[in-house]
Amino acid sequence: MEDQNVLIKVEGLSKKFCKDLKTSLWYGVKDLFSGITGNRKERVLRPKEFWAVKDINFELKRGECLGLIGHNGAGKSTLLKILNGLINPDEGKITIKGRVGALIELGAGFNPILSGRENVYNNGAILGFTRKEIDDKLEKIIEFSELEEFIDMPIQNYSSGMKVRLGFAVAAQMEPDVLIIDEVLAVGDLGFILKCYKTIDTILPNTAVIFVSHSMPMVSRICNKIILLDKGKAKFQGKDVSSAIDLYYSRFATNDQNIVFTDNSLKINEVKVVTSLKDENGLPQLNRGEDLNIFLKIKLLENIEIPLFSIFIYDKEQRPVAMLERNKEEDLFIGDDKYITFTVTHKEIQLSKGVYSINLSIVSRKRKEPIIRSNSMASFQVIDKEQIWPSFLLKANYK
């Protein structure tokens with residue numbers, strides 16, 4: 001017997017695209033002709049084609065929130081557009097019950113020359129609500145969006161944040177059976193974002209939510225099911241949200257050296273995080289509260305004095321979160337082989353759970369002139385049970 005609480009059922013869903021426009025148009029004509037004649041062959045990749053989404057399967061019940069995570073180009077937005085009916089799949093079947101509210105692209109579904117109020121009625125009608133039902137919800141939508149002064153202004157004059165406010169207010173206050181939310185919430189200010197998540201908590205018991213975000217604390221906050229996409233395929237799927245987030249961090253950590261500037265007076269031979277724990281891809285891991293040890297090996301190519309070293313820590317979104325303080329007079333020396341080797345230690349690291357990269361800046365000791373600047377010299381992962389928003393989880397005593 002079919003479970004009546006299952007609002008979304010996806011079976012073997014696949015979608016392919018072509019990298020070349022002319023080739024894509026030609027394939028489209030051939031597929032159209034094959035469809036008319038009934039000679040459509042098995043859907044296999046042709047030259048220049050690739051699977052944007054491949055063999056995705058899941059069920060989502062009322063009261064469940066599915067997080068879709070993965071790096072850019074993993075297939076998240078393609079999957080959402082298929083679910084929302086904007087594009088058709090090449091393979092597979094989708095069954096969705098009830099009304100669907102979607103917030104998948106900034107300003108999508110809005111007519112730019114109409115006012116905010118008129119667009120509310122348009123969106124409500126698309127969702128299948130009568131004018132009276134929209135009338136009853138209009139004041140709540142305007143109040144939630146905090147756009148009372150601007151509701152009769154054309155949408156084309158709205159800022160990106162204002163569009164997000166109105167779009168989410170319509171999608172949430174209409175209380176759809178299925179709510180699809182893409183990364184657009186990242187555009188709003190923090191106060192409004194927090195209000196959105198509180199609203200999601202309120203409507204979730206009666207709704208099935210699909211949520212896409214690059215912010216892992218947000219995913220951890222509201223999702224009870226998760227799919228990690230990589231090149232269109234589900235690399236991890238299930239209810240263990242924390243494990244999926246750890247895999248996301250380790251899988252997409254970058255270790256490529258990126259020399260931004262150098263005067264060629266020295267060479268960075270090695271920068272690595274020294275730890276006894278590593279993941280399956282070789283990414284160094286340490287538990288929050290352990291010591292962070294960074295080993296550096298530098299070779300002098302010219303006869304210069306020992307320079308000053310600055311080590312910066314960046315989070316996964318490449319935002320600077322910390323700088324490791326250096327001694328005014330580092331106890332370093334140049335070996336007979338022209339190498340400088342040393343280890344920098346930070347005691348009892350209090351960074352929160354996640355993957356971090358190390359950037360290195362080296363300047364001359366006297367004039368402070370730049371010698372070399374390099375990004376993403378090494379990466380490491382902090383392991384912890386708790387996923388939080390801020391980058392630091394500082395020790396404190398409450399009395």
# chains A, B, ... in the order shown; residues from 1 in each chain; ligands from 1
call {"tool": "residues_around", "arguments": {"residues": "A:Asn72", "least_positions_apart": "4", "cutoff": "10 Å", "atoms": "only C-alpha atoms", "output": "list in words"}}
result
Lys76, Ser77, His214, Leu229, Asp230 and Lys231 of chain A
call {"tool": "write_last_selection", "arguments": {"atoms": "N, CA and C atoms", "output": "PDB file, in the first residue's frame"}}
result
ATOM      1  N   LYS A  76      23.030  20.195  -8.582  1.00  0.00           N
ATOM      2  CA  LYS A  76      21.964  20.551  -7.643  1.00  0.00           C
ATOM      3  C   LYS A  76      20.865  21.384  -8.315  1.00  0.00           C
ATOM      4  N   SER A  77      21.259  22.456  -8.991  1.00  0.00           N
ATOM      5  CA  SER A  77      20.267  23.340  -9.610  1.00  0.00           C
ATOM      6  C   SER A  77      19.509  22.639 -10.729  1.00  0.00           C
ATOM      7  N   HIS A 214      25.346  26.013   0.316  1.00  0.00           N
ATOM      8  CA  HIS A 214      26.769  25.755   0.521  1.00  0.00           C
ATOM      9  C   HIS A 214      27.157  25.982   1.973  1.00  0.00           C
ATOM     10  N   LEU A 229      25.859  15.365  -3.879  1.00  0.00           N
ATOM     11  CA  LEU A 229      26.000  15.191  -5.323  1.00  0.00           C
ATOM     12  C   LEU A 229      27.427  15.497  -5.762  1.00  0.00           C
ATOM     13  N   ASP A 230      27.929  14.700  -6.688  1.00  0.00           N
ATOM     14  CA  ASP A 230      29.238  14.940  -7.292  1.00  0.00           C
ATOM     15  C   ASP A 230      29.160  14.499  -8.748  1.00  0.00           C
ATOM     16  N   LYS A 231      29.305  15.471  -9.659  1.00  0.00           N
ATOM     17  CA  LYS A 231      29.220  15.215 -11.094  1.00  0.00           C
ATOM     18  C   LYS A 231      27.911  14.515 -11.443  1.00  0.00           C
TER      19      LYS A 231
END
call {"tool": "residues_around", "arguments": {"residues": "A:Ile96", "least_positions_apart": "4", "cutoff": "8 Å", "atoms": "only C-alpha atoms", "output": "ChimeraX atom specification"}}
result
/A:7-9
call {"tool": "closest_residue", "arguments": {"among": "A:Glu11, A:Phe150, A:Tyr158, A:Asn264", "to": "A:Lys93", "atoms": "only C-alpha atoms"}}
result
A:Glu11
call {"tool": "select_by_dssp", "arguments": {"residues": "stretch 175-206 of chain A", "states": "strand (DSSP E or B)", "output": "mmCIF file with N, CA and C atoms, in the first residue's frame"}}
result
data_model
loop_
_atom_site.group_PDB
_atom_site.id
_atom_site.type_symbol
_atom_site.label_atom_id
_atom_site.label_comp_id
_atom_site.auth_asym_id
_atom_site.auth_seq_id
_atom_site.Cartn_x
_atom_site.Cartn_y
_atom_site.Cartn_z
ATOM 1 N N VAL A 178 4.890 21.066 -0.814
ATOM 2 C CA VAL A 178 6.306 20.872 -1.116
ATOM 3 C C VAL A 178 6.953 22.243 -1.263
ATOM 4 N N LEU A 179 8.062 22.471 -0.545
ATOM 5 C CA LEU A 179 8.784 23.740 -0.624
ATOM 6 C C LEU A 179 10.213 23.464 -1.079
ATOM 7 N N ILE A 180 10.607 24.099 -2.183
ATOM 8 C CA ILE A 180 11.945 23.925 -2.750
ATOM 9 C C ILE A 180 12.707 25.235 -2.612
ATOM 10 N N ILE A 181 13.864 25.185 -1.947
ATOM 11 C CA ILE A 181 14.640 26.392 -1.665
ATOM 12 C C ILE A 181 16.075 26.204 -2.145
#
call {"tool": "closest_residue", "arguments": {"among": "A:Arg367, A:Lys48, A:Arg326, A:Arg62", "to": "A:Phe17", "atoms": "only C-alpha atoms"}}
result
A:Lys48
call {"tool": "residues_around", "arguments": {"residues": "A:Phe295", "least_positions_apart": "4", "cutoff": "8 Å", "atoms": "only C-alpha atoms", "output": "mmCIF file with N, CA and C atoms, in the first residue's frame"}}
result
data_model
loop_
_atom_site.group_PDB
_atom_site.id
_atom_site.type_symbol
_atom_site.label_atom_id
_atom_site.label_comp_id
_atom_site.auth_asym_id
_atom_site.auth_seq_id
_atom_site.Cartn_x
_atom_site.Cartn_y
_atom_site.Cartn_z
ATOM 1 N N GLU A 270 57.806 22.969 0.977
ATOM 2 C CA GLU A 270 56.804 22.133 1.643
ATOM 3 C C GLU A 270 56.070 22.930 2.714
ATOM 4 N N VAL A 271 54.753 22.784 2.718
ATOM 5 C CA VAL A 271 53.908 23.276 3.801
ATOM 6 C C VAL A 271 52.918 22.169 4.102
ATOM 7 N N LYS A 272 52.916 21.646 5.315
ATOM 8 C CA LYS A 272 51.991 20.560 5.628
ATOM 9 C C LYS A 272 51.568 20.624 7.086
ATOM 10 N N VAL A 273 50.364 20.137 7.332
ATOM 11 C CA VAL A 273 49.851 20.022 8.694
ATOM 12 C C VAL A 273 50.250 18.649 9.219
ATOM 13 N N VAL A 274 50.981 18.649 10.322
ATOM 14 C CA VAL A 274 51.487 17.400 10.897
ATOM 15 C C VAL A 274 50.446 16.853 11.865
ATOM 16 N N THR A 341 63.912 25.440 7.834
ATOM 17 C CA THR A 341 62.850 24.505 8.212
ATOM 18 C C THR A 341 62.401 24.809 9.638
ATOM 19 N N PHE A 342 61.093 24.820 9.843
ATOM 20 C CA PHE A 342 60.558 25.087 11.182
ATOM 21 C C PHE A 342 59.115 24.611 11.260
ATOM 22 N N THR A 343 58.599 24.506 12.479
ATOM 23 C CA THR A 343 57.222 24.102 12.736
ATOM 24 C C THR A 343 56.524 25.181 13.554
ATOM 25 N N VAL A 344 55.344 25.579 13.114
ATOM 26 C CA VAL A 344 54.530 26.552 13.830
ATOM 27 C C VAL A 344 53.436 25.793 14.585
#
call {"tool": "residues_around", "arguments": {"residues": "stretch 301-309 of chain A", "least_positions_apart": "6", "cutoff": "9 Å", "atoms": "only C-alpha atoms", "output": "list in words"}}
result
Asn264, Ser265, Leu266, Lys267, Arg326, Lys328, Glu329, Glu330, Leu332, Phe333, Ile334, Lys338, Ile340, Leu360, Ser361, Ile362, Val363, Ser364, Arg365, Lys366, Lys368 and Ile371 of chain A
call {"tool": "write_last_selection", "arguments": {"atoms": "N, CA and C atoms", "output": "PDB file, in the first residue's frame"}}
result
ATOM      1  N   ASN A 264      61.104  35.552  -6.716  1.00  0.00           N
ATOM      2  CA  ASN A 264      62.017  34.464  -7.097  1.00  0.00           C
ATOM      3  C   ASN A 264      63.302  34.424  -6.269  1.00  0.00           C
ATOM      4  N   SER A 265      63.269  35.019  -5.073  1.00  0.00           N
ATOM      5  CA  SER A 265      64.456  34.949  -4.214  1.00  0.00           C
ATOM      6  C   SER A 265      64.422  33.738  -3.289  1.00  0.00           C
ATOM      7  N   LEU A 266      63.268  33.084  -3.213  1.00  0.00           N
ATOM      8  CA  LEU A 266      63.166  31.854  -2.431  1.00  0.00           C
ATOM      9  C   LEU A 266      62.103  30.944  -3.039  1.00  0.00           C
ATOM     10  N   LYS A 267      62.082  29.706  -2.580  1.00  0.00           N
ATOM     11  CA  LYS A 267      61.125  28.713  -3.069  1.00  0.00           C
ATOM     12  C   LYS A 267      60.486  28.000  -1.888  1.00  0.00           C
ATOM     13  N   ARG A 326      53.194  35.681  14.974  1.00  0.00           N
ATOM     14  CA  ARG A 326      54.605  35.334  14.865  1.00  0.00           C
ATOM     15  C   ARG A 326      55.401  36.042  15.956  1.00  0.00           C
ATOM     16  N   LYS A 328      58.399  38.298  17.363  1.00  0.00           N
ATOM     17  CA  LYS A 328      59.066  39.459  16.779  1.00  0.00           C
ATOM     18  C   LYS A 328      60.426  39.067  16.213  1.00  0.00           C
ATOM     19  N   GLU A 329      61.115  38.191  16.911  1.00  0.00           N
ATOM     20  CA  GLU A 329      62.410  37.700  16.426  1.00  0.00           C
ATOM     21  C   GLU A 329      62.349  36.174  16.406  1.00  0.00           C
ATOM     22  N   GLU A 330      61.902  35.626  15.275  1.00  0.00           N
ATOM     23  CA  GLU A 330      61.781  34.172  15.194  1.00  0.00           C
ATOM     24  C   GLU A 330      63.138  33.506  15.385  1.00  0.00           C
ATOM     25  N   LEU A 332      64.930  31.271  14.072  1.00  0.00           N
ATOM     26  CA  LEU A 332      65.138  30.481  12.863  1.00  0.00           C
ATOM     27  C   LEU A 332      66.572  30.655  12.386  1.00  0.00           C
ATOM     28  N   PHE A 333      67.045  29.678  11.606  1.00  0.00           N
ATOM     29  CA  PHE A 333      68.395  29.794  11.051  1.00  0.00           C
ATOM     30  C   PHE A 333      68.425  29.157   9.665  1.00  0.00           C
ATOM     31  N   ILE A 334      69.419  29.592   8.871  1.00  0.00           N
ATOM     32  CA  ILE A 334      69.588  29.084   7.513  1.00  0.00           C
ATOM     33  C   ILE A 334      70.620  27.957   7.554  1.00  0.00           C
ATOM     34  N   LYS A 338      71.063  25.970   2.471  1.00  0.00           N
ATOM     35  CA  LYS A 338      70.227  27.134   2.148  1.00  0.00           C
ATOM     36  C   LYS A 338      68.749  26.909   2.455  1.00  0.00           C
ATOM     37  N   ILE A 340      65.502  26.742   5.144  1.00  0.00           N
ATOM     38  CA  ILE A 340      64.952  27.145   6.437  1.00  0.00           C
ATOM     39  C   ILE A 340      63.809  26.184   6.743  1.00  0.00           C
ATOM     40  N   LEU A 360      50.068  31.630   2.834  1.00  0.00           N
ATOM     41  CA  LEU A 360      51.375  32.020   3.359  1.00  0.00           C
ATOM     42  C   LEU A 360      51.843  33.321   2.722  1.00  0.00           C
ATOM     43  N   SER A 361      52.301  34.244   3.564  1.00  0.00           N
ATOM     44  CA  SER A 361      52.871  35.506   3.093  1.00  0.00           C
ATOM     45  C   SER A 361      54.260  35.659   3.699  1.00  0.00           C
ATOM     46  N   ILE A 362      55.241  35.949   2.841  1.00  0.00           N
ATOM     47  CA  ILE A 362      56.620  36.116   3.295  1.00  0.00           C
ATOM     48  C   ILE A 362      57.109  37.487   2.837  1.00  0.00           C
ATOM     49  N   VAL A 363      57.622  38.280   3.782  1.00  0.00           N
ATOM     50  CA  VAL A 363      58.104  39.630   3.470  1.00  0.00           C
ATOM     51  C   VAL A 363      59.514  39.806   4.022  1.00  0.00           C
ATOM     52  N   SER A 364      60.231  40.796   3.488  1.00  0.00           N
ATOM     53  CA  SER A 364      61.586  41.078   3.968  1.00  0.00           C
ATOM     54  C   SER A 364      61.535  41.633   5.391  1.00  0.00           C
ATOM     55  N   ARG A 365      62.549  41.329   6.159  1.00  0.00           N
ATOM     56  CA  ARG A 365      62.521  41.650   7.587  1.00  0.00           C
ATOM     57  C   ARG A 365      62.615  43.151   7.845  1.00  0.00           C
ATOM     58  N   LYS A 366      63.432  43.868   7.087  1.00  0.00           N
ATOM     59  CA  LYS A 366      63.655  45.283   7.365  1.00  0.00           C
ATOM     60  C   LYS A 366      62.621  46.175   6.686  1.00  0.00           C
ATOM     61  N   LYS A 368      59.951  45.229   4.928  1.00  0.00           N
ATOM     62  CA  LYS A 368      58.615  44.618   4.847  1.00  0.00           C
ATOM     63  C   LYS A 368      58.105  44.523   3.405  1.00  0.00           C
ATOM     64  N   ILE A 371      57.914  39.231  -0.605  1.00  0.00           N
ATOM     65  CA  ILE A 371      58.803  38.298  -1.302  1.00  0.00           C
ATOM     66  C   ILE A 371      57.984  37.240  -2.035  1.00  0.00           C
TER      67      ILE A 371
END
call {"tool": "atom_distance", "arguments": {"atom1": "atom CA of A:Val164", "atom2": "atom CA of A:Gln237"}}
result
29.1 Å
